[in-house]
Amino acid sequence: MHTQRFEGTLPHDDPFLTIAEECVDILANRIASGGGIWPVDIFPALKHLPTWFPGASFKRNVKIWKEKMEEFVDLPYEFLKSEIKKGTARPSFVSTLLEPPKPSSSFDASFDSTTTDDNDDEASFTSSSDRNSFSSDNTKDTATDDHDIRWTANSMYSASIDTTITILSHFILAMVQHPHVLRRAQAELDDVLGSGKDGLGSGHASKAKRLPTFEDRPKLPYCDAVFRETLRWGVPVPLSLPHRLTQSDTYEAMHVPQGSLVFGNILAIMRDHA
């Protein structure tokens, strides 16, 4: 979406992108700004404080943030559902999962033959009971699926947008600071993809004949190394996010009790030459 915005193909006032940027900013710079740890995480009794109590601003903020996050999740999802009903939805992760399942002809034929047998009341009763049970379970599954799909789709975007932009920014910085690396990587791409005045894009500079594919990756070892080094050198989330132990554990002879908050120091790990 950000690529489309910079290319000029996505309106700057797109409502979904606007709320996405606002919510990602809340997540990154408000909720997780202190490493994702709040006093109430350490002292759970603080959740019982009234909202007006001094120092309980986190309770007032969380109400606002929760409503904003739910809007971030629900608005695009409901919009896509309306597009599916109109038959104008583009193929996507969500539209694929929301497509109604095609009925199985073999199941329908077997079910109908069983329930229409007038000489077998017990079989007919059992099939009717199974039908009701199936319908009830299916309703529950549908509600669960609806919740899972909308939150999974949102996580795919919101959990990657900030880190993706960060790593791309680090890559650009590295190429500006080390132009010889950029030249060598570009030369490797030109050898594999071909280049010329009649290549992709516009302008008078030499351009690639085509875009790279995953099949090209084994032929681009230097570019692959540059990307991997960018991830190592410019870790987008140096301390990752805290994880709480669901059971006690032992690490290098140290006992870590259940409920402990653990940070993975990714930056230190990536710069450890040992």
# chains A, B, ... in the order shown; residues from 1 in each chain; ligands from 1
call {"tool": "select_by_dssp", "arguments": {"residues": "stretch 179-235 of chain A", "states": "strand (DSSP E)", "output": "list in words"}}
result
Ser195, Gly196, Lys207 and Ala208 of chain A
call {"tool": "write_last_selection", "arguments": {"atoms": "C-alpha atoms", "output": "PDB file, in the first residue's frame"}}
result
ATOM      1  CA  SER A 195      19.392  -4.675 -19.425  1.00  0.00           C
ATOM      2  CA  GLY A 196      18.986  -2.168 -22.206  1.00  0.00           C
ATOM      3  CA  LYS A 207      16.837  -0.776 -17.540  1.00  0.00           C
ATOM      4  CA  ALA A 208      16.193  -4.413 -16.649  1.00  0.00           C
TER       5      ALA A 208
END
call {"tool": "residues_around", "arguments": {"residues": "A:Arg183", "least_positions_apart": "5", "cutoff": "12 Å", "atoms": "only C-alpha atoms", "output": "list in words"}}
result
Met175, Val176, His178, Glu188, Leu189, Asp190, Tyr222, Cys223 and Val226 of chain A
call {"tool": "residues_around", "arguments": {"residues": "A:Ala268", "least_positions_apart": "3", "cutoff": "10 Å", "atoms": "only C-alpha atoms", "output": "short mmCIF file (atom, residue, chain, number, x, y, z; two decimals) with C-alpha atoms, in the first residue's frame"}}
result
data_model
loop_
_atom_site.label_atom_id
_atom_site.label_comp_id
_atom_site.auth_asym_id
_atom_site.auth_seq_id
_atom_site.Cartn_x
_atom_site.Cartn_y
_atom_site.Cartn_z
CA VAL A 235 17.48 -5.24 12.92
CA PRO A 238 16.27 -4.84 18.29
CA LEU A 239 14.66 -6.29 21.44
CA GLY A 264 15.11 -11.64 23.05
CA ASN A 265 18.06 -9.31 22.43
CA ARG A 271 26.30 -8.81 16.28
CA ASP A 272 27.84 -11.62 18.27
CA HIS A 273 30.88 -12.82 16.29
#
call {"tool": "closest_residue", "arguments": {"among": "A:Ile266, A:Met254, A:Gly259, A:Trp65", "to": "A:Leu231", "atoms": "only C-alpha atoms"}}
result
A:Ile266
call {"tool": "atom_distance", "arguments": {"atom1": "atom CA of A:Thr166", "atom2": "atom CA of A:Ile31"}}
result
18.2 Å
call {"tool": "residues_around", "arguments": {"residues": "A:Tyr77", "least_positions_apart": "4", "cutoff": "7 Å", "atoms": "only C-alpha atoms", "output": "PyMOL selection string"}}
result
chain A and resi 73+81+150
call {"tool": "write_last_selection", "arguments": {"atoms": "all heavy atoms", "output": "compact mmCIF listing (two decimals), in the first residue's frame"}}
result
# COMPACT_ATOMS: atom_id res chain seq x y z
N VAL A 73 -9.61 -3.05 12.26
CA VAL A 73 -9.84 -4.43 11.85
C VAL A 73 -11.15 -4.57 11.07
O VAL A 73 -11.21 -5.25 10.03
CB VAL A 73 -9.86 -5.37 13.07
CG1 VAL A 73 -10.30 -6.77 12.67
CG2 VAL A 73 -8.50 -5.42 13.73
N LYS A 81 -16.40 -7.64 2.39
CA LYS A 81 -17.58 -8.50 2.37
C LYS A 81 -18.67 -7.90 1.48
O LYS A 81 -19.35 -8.63 0.74
CB LYS A 81 -18.11 -8.71 3.79
CG LYS A 81 -17.25 -9.64 4.64
CD LYS A 81 -17.75 -9.76 6.06
CE LYS A 81 -19.09 -10.45 6.14
NZ LYS A 81 -19.52 -10.65 7.55
N ARG A 150 -10.69 -12.08 10.04
CA ARG A 150 -10.50 -10.63 10.06
C ARG A 150 -9.27 -10.22 10.87
O ARG A 150 -8.55 -9.31 10.48
CB ARG A 150 -11.76 -9.93 10.56
CG ARG A 150 -12.10 -10.09 12.03
CD ARG A 150 -13.29 -9.22 12.41
NE ARG A 150 -14.51 -9.66 11.77
CZ ARG A 150 -15.54 -8.85 11.50
NH1 ARG A 150 -15.48 -7.57 11.82
NH2 ARG A 150 -16.64 -9.32 10.95
call {"tool": "residues_around", "arguments": {"residues": "A:Ile161", "least_positions_apart": "5", "cutoff": "12 Å", "atoms": "only C-alpha atoms", "output": "list in words"}}
result
Met1, His2, Thr3, Leu17, Ala20, Glu21, Cys23, Val24, Asp25, Leu27, Ala28, Asn154, Ser155, Met156, Thr166, Ile167, Leu168 and Pro236 of chain A
call {"tool": "residues_around", "arguments": {"residues": "stretch 89-96 of chain A", "least_positions_apart": "5", "cutoff": "12 Å", "atoms": "only C-alpha atoms", "output": "ChimeraX atom specification"}}
result
/A:76-84,101,145-154,156-157
